[in-house]
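Here's the structure we're looking at; comments come further down.
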Amino acid sequence: MSGVRHLYVHLPFCAHRCGYCDFVTVVGREELHARYVDAVLAELDLERDLLAESLETVFLGGGTPTFTDGRQLRRLLESLPSAAEVTVEANPETVTPGLARLLRESGVTRVSLGAQSFQPDLLLVLERRAAPDVVRRAFYDLRDASFDNISLDLLHGIPGQSAAALELDIDQALALAPEHVSYYELEAKPGTRLTHAHGAELARQAEAMEGYYELIIERLTAAGYRWYETANFCLDPERVDGRDLRAHHNLAYWRGRDYLGLGIGAVSTLGHERRRNTPRLNAYLGALDRGERPERQVELLDELIRGQERVMLGLRLDTGLPLPAARGIVDEAVLARFERVGLARLRPALDGQDRLVLTPRGRRLGGAVTADLLV
Ligand SMILES: C[S@@+](CC[C@H](N)C(=O)[O-])C[C@H]1O[C@@H](n2cnc3c(N)ncnc32)[C@H](O)[C@@H]1O
Ligand code: SF4
């Protein structure tokens with residue numbers, strides 16, 4: 001197997017753990033940042049043969065990649081293969097003019113800024129460290145370093161979030177004119193402080209918040225954003241000299257492409273194998289110190305599972321997926337019914353291959369429609 005064109009690198013360190021997050025993170029441990037970068041580069045060397053000559057995307061996710069010691073972050077970025085799109089996730093409170101320049105000089109083309117909300121009380125509920133002004137200042141620091149592709153990460157469904165507070169968040173996000181917006185619904189992850197403190201409230205408010213997703217889609221599309229994926233929006237190409245501002249790394253996941261993941265907890269999908277690196281920092285560092293691959297779980301994916309994943313992910317996109325990829329995976333009778341009631345349709349494409357797409361109404365219903373379509 002060779003020719004993987006998408007690389008994910010996990011940088012797990014955070015200044016503190018937000019109460020709603022269950023990602024693989026490590027608080028502090030500044031003394032280990034250099035050793036961690038050594039380990040990631042050693043892992044890259046062990047896996048390099050899997051990668052294509054030239055990569056399409058590199059994504060540094062976290063954790064808080066921009067909390068990593070600046071010299072180590074620069075060394076990592078300068079040692080990774082180059083790619084047309086290089087994204088780094090950044091927390092606002094870590095962004096300074098110097099950090100923004102470092103990212104730019106190290107070949108980063110796109111920054112995904114974790115704003116989450118602009119309302120001080122909601123940021124407190126989330127236990128975020130950046131106040132709204134800090135989010136805005138970080139955004140302008142990135143602009144000043146000439147980043148012309150900035151994504152804002154926002155959350156809806158935060159305990160206590162009123163419809164008016166959501167409108168304010170949307171207004172304040174749009175005022176910054178980001179090229180891209182990811183607007184995810186807050187998930188109550190088992191075992192997190194948020195679920196412990198607000199789980200019951202989240203369940204109670206679910207009904208009141210039903211219209212929030214609809215409102216987000218309406219407001220962002222009215223402001224000239226393309227709703228290209230269930231929770232993702234980018235400026236329409238005609239507003240930005242034809243640039244395709246979709247998140248190309250994530251697009252690779254949604255299209256079912258192979259990708260290589262490095263670092264603790266990182267996932268790779270390579271043909272019929274899904275690998276998940278150990279989330280344990282010491283075990284990971286120890287293995288790579290010895291020149292060995294880290295411990296990892298391997299799951300075998302048969303044709304049916306990969307096919308189902310491709311359909312479920314592809315239908316999140318406004319472009320859907322090529323019809324042949326859905327054959328044998330999608331129930332033809334259900335599809336015909338969904339076409340009749342305006343939830344799905346076949347769209348002829350320029351290459352002559354029909355594509356299966358959900359209509360906007362079908363996309364709003366999302367997972368439920370997709371689940372019914374699978375055989
Ligand atoms: C894991 S974070 C890493 C980037 C960065 N540290 C940050 O906080 O923005 C990536 C995204 O996942 C989101 N996230 C984490 N936990 C979540 C949850 N329980 N529900 C929805 N989104 C979540 C974060 O809000 C963030 O935008
Ligand atoms: S949400 Fe981001 S900053 Fe907060 S703990 Fe998770 S990875 Fe770290």
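Identifiers in this document derive from the order of the structure tokens: chains are assigned A, B, ..., residues are numbered from 1 separately in each chain, and ligands are numbered from 1 in order of occurrence.
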Tell me, as a VMD selection string, which residues lie within 10 Å of region 44-48 of chain A, counting only C-alpha atoms; anything in the same chain fewer than 3 positions away does not count.
-> chain A and resid 2 4 7 9 38 to 41 51 to 53 79 to 81 260 to 263 288 291 to 293
Check: Could you pull out the alpha helix (DSSP H) residues of region 277-370 of chain A from DSSP and send them as a PyMOL selection string?
Finding: chain A and resi 281-289+303-314+323-326+332-340+360-365+367-370
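Closest approach to ligand 1 from the set A:Leu176, A:Ile305, A:Val37, A:Val111 is made by A:Val111, with distances taken over only C-alpha atoms and all ligand atoms.
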Pick from A:Leu186, A:Arg75, A:Tyr8, A:Arg137: nearest to ligand 2, with only C-alpha atoms and all ligand atoms counted?
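Of the candidates, the smallest distance to ligand 2 is held by A:Leu186.
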- request: as an NGL selection string, list the residues of region 43-270 of chain A assigned to strand (DSSP E or B) by DSSP on the backbone atoms of this structure.
  value: :A and (51 or 55-62 or 83-90 or 110-116 or 150-156 or 180-185 or 225-229 or 232-235 or 259-262 or 267-270)
Write the selection just made, keeping N, CA and C atoms, as a short mmCIF file (atom, residue, chain, number, x, y, z; two decimals), in the first residue's frame?
data_model
loop_
_atom_site.label_atom_id
_atom_site.label_comp_id
_atom_site.auth_asym_id
_atom_site.auth_seq_id
_atom_site.Cartn_x
_atom_site.Cartn_y
_atom_site.Cartn_z
N LEU A 51 3.59 7.16 2.47
CA LEU A 51 3.15 8.45 1.93
C LEU A 51 3.49 8.61 0.45
N LEU A 55 2.14 15.51 -0.86
CA LEU A 55 0.91 15.42 -0.06
C LEU A 55 -0.05 16.52 -0.46
N GLU A 56 -1.34 16.22 -0.29
CA GLU A 56 -2.35 17.25 -0.52
C GLU A 56 -2.60 18.06 0.76
N THR A 57 -2.66 17.36 1.91
CA THR A 57 -2.98 18.08 3.15
C THR A 57 -2.18 17.54 4.34
N VAL A 58 -1.84 18.47 5.22
CA VAL A 58 -1.28 18.13 6.54
C VAL A 58 -2.15 18.86 7.55
N PHE A 59 -2.49 18.19 8.66
CA PHE A 59 -3.35 18.81 9.68
C PHE A 59 -2.73 18.55 11.05
N LEU A 60 -2.42 19.63 11.77
CA LEU A 60 -1.93 19.51 13.14
C LEU A 60 -3.09 19.79 14.08
N GLY A 61 -3.55 18.73 14.76
CA GLY A 61 -4.70 18.89 15.63
C GLY A 61 -4.35 18.54 17.07
N GLY A 62 -5.34 18.80 17.96
CA GLY A 62 -4.96 18.58 19.35
C GLY A 62 -6.11 18.12 20.21
N ALA A 83 2.77 20.44 1.87
CA ALA A 83 1.47 20.08 1.29
C ALA A 83 0.79 21.34 0.82
N ALA A 84 -0.18 21.16 -0.09
CA ALA A 84 -0.90 22.34 -0.61
C ALA A 84 -1.67 23.02 0.52
N GLU A 85 -2.24 22.24 1.44
CA GLU A 85 -2.97 22.82 2.58
C GLU A 85 -2.33 22.31 3.86
N VAL A 86 -1.86 23.22 4.69
CA VAL A 86 -1.30 22.85 6.00
C VAL A 86 -2.10 23.62 7.06
N THR A 87 -2.90 22.87 7.84
CA THR A 87 -3.77 23.51 8.85
C THR A 87 -3.23 23.27 10.24
N VAL A 88 -3.34 24.28 11.08
CA VAL A 88 -3.01 24.12 12.50
C VAL A 88 -4.20 24.59 13.32
N GLU A 89 -4.58 23.78 14.33
CA GLU A 89 -5.62 24.22 15.28
C GLU A 89 -4.96 25.13 16.32
N ALA A 90 -5.64 26.24 16.63
CA ALA A 90 -5.06 27.19 17.57
C ALA A 90 -6.09 27.60 18.61
N ARG A 110 -3.36 27.60 6.75
CA ARG A 110 -4.74 27.72 7.23
C ARG A 110 -4.74 27.51 8.74
N VAL A 111 -5.51 28.34 9.47
CA VAL A 111 -5.58 28.19 10.92
C VAL A 111 -7.03 27.98 11.31
N SER A 112 -7.25 27.01 12.18
CA SER A 112 -8.60 26.76 12.70
C SER A 112 -8.61 27.23 14.15
N LEU A 113 -9.32 28.33 14.39
CA LEU A 113 -9.27 29.03 15.68
C LEU A 113 -10.47 28.61 16.55
N GLY A 114 -10.18 28.05 17.72
CA GLY A 114 -11.24 27.55 18.61
C GLY A 114 -11.89 28.67 19.40
N ALA A 115 -12.87 29.33 18.81
CA ALA A 115 -13.56 30.43 19.50
C ALA A 115 -14.61 29.85 20.44
N GLN A 116 -15.41 28.95 19.97
CA GLN A 116 -16.52 28.25 20.66
C GLN A 116 -17.73 29.16 20.88
N ILE A 150 -8.81 31.50 7.42
CA ILE A 150 -8.99 31.28 8.86
C ILE A 150 -10.38 30.68 9.08
N SER A 151 -10.40 29.62 9.86
CA SER A 151 -11.68 29.01 10.21
C SER A 151 -11.98 29.31 11.67
N LEU A 152 -13.24 29.59 11.97
CA LEU A 152 -13.67 29.74 13.36
C LEU A 152 -14.43 28.49 13.77
N ASP A 153 -14.03 27.91 14.92
CA ASP A 153 -14.76 26.78 15.48
C ASP A 153 -15.75 27.33 16.49
N LEU A 154 -17.05 27.01 16.31
CA LEU A 154 -18.07 27.49 17.24
C LEU A 154 -18.92 26.30 17.70
N LEU A 155 -19.57 26.48 18.84
CA LEU A 155 -20.43 25.42 19.38
C LEU A 155 -21.85 25.96 19.58
N HIS A 156 -22.84 25.11 19.32
CA HIS A 156 -24.21 25.46 19.71
C HIS A 156 -24.74 24.36 20.63
N HIS A 180 -13.99 30.47 6.76
CA HIS A 180 -14.61 29.15 7.03
C HIS A 180 -15.16 29.14 8.45
N VAL A 181 -16.27 28.43 8.63
CA VAL A 181 -16.85 28.29 9.97
C VAL A 181 -17.21 26.81 10.18
N SER A 182 -16.77 26.25 11.32
CA SER A 182 -17.25 24.92 11.75
C SER A 182 -18.17 25.16 12.92
N TYR A 183 -19.42 24.71 12.81
CA TYR A 183 -20.40 24.98 13.86
C TYR A 183 -20.94 23.66 14.37
N TYR A 184 -20.30 23.10 15.40
CA TYR A 184 -20.71 21.80 15.90
C TYR A 184 -21.66 21.93 17.09
N GLU A 185 -22.50 20.92 17.24
CA GLU A 185 -23.36 20.87 18.42
C GLU A 185 -22.55 20.31 19.58
N TYR A 225 -22.16 32.22 2.77
CA TYR A 225 -21.37 31.01 3.04
C TYR A 225 -22.04 29.81 2.38
N ARG A 226 -21.21 28.92 1.88
CA ARG A 226 -21.71 27.67 1.30
C ARG A 226 -21.79 26.64 2.42
N TRP A 227 -22.96 26.03 2.58
CA TRP A 227 -23.15 24.98 3.58
C TRP A 227 -22.72 23.67 2.93
N TYR A 228 -21.41 23.40 2.97
CA TYR A 228 -20.92 22.30 2.13
C TYR A 228 -20.86 20.97 2.85
N GLU A 229 -20.97 21.03 4.19
CA GLU A 229 -20.96 19.80 4.99
C GLU A 229 -21.87 20.03 6.17
N ASN A 232 -20.27 22.42 8.47
CA ASN A 232 -19.16 23.25 7.96
C ASN A 232 -19.60 24.16 6.82
N PHE A 233 -19.06 25.36 6.84
CA PHE A 233 -19.46 26.43 5.91
C PHE A 233 -18.18 27.12 5.43
N CYS A 234 -18.17 27.53 4.16
CA CYS A 234 -17.03 28.33 3.70
C CYS A 234 -17.56 29.41 2.76
N LEU A 235 -16.80 30.48 2.62
CA LEU A 235 -17.24 31.56 1.74
C LEU A 235 -17.42 31.02 0.32
N TYR A 259 -5.67 8.03 5.08
CA TYR A 259 -4.85 9.05 5.74
C TYR A 259 -3.98 8.37 6.78
N LEU A 260 -2.84 9.03 7.05
CA LEU A 260 -1.92 8.53 8.06
C LEU A 260 -1.97 9.47 9.26
N GLY A 261 -2.08 8.92 10.47
CA GLY A 261 -2.09 9.73 11.69
C GLY A 261 -0.87 9.42 12.54
N LEU A 262 -0.22 10.46 13.04
CA LEU A 262 0.96 10.30 13.90
C LEU A 262 0.66 10.90 15.27
N VAL A 267 -5.36 8.25 14.67
CA VAL A 267 -6.00 7.19 13.89
C VAL A 267 -5.49 7.27 12.45
N SER A 268 -5.25 6.11 11.85
CA SER A 268 -4.93 6.05 10.41
C SER A 268 -5.94 5.13 9.75
N THR A 269 -6.32 5.44 8.54
CA THR A 269 -7.12 4.50 7.76
C THR A 269 -6.35 4.22 6.48
N LEU A 270 -5.96 2.96 6.34
CA LEU A 270 -5.07 2.57 5.24
C LEU A 270 -5.67 1.33 4.60
#
Could you give me the residues within 12 Å of ligand 2, counting only C-alpha atoms and all ligand atoms, as a PyMOL selection string?
chain A and resi 10-28+60-68+89-94+112-116+123+126-130+153-155+186-187+189+192-194
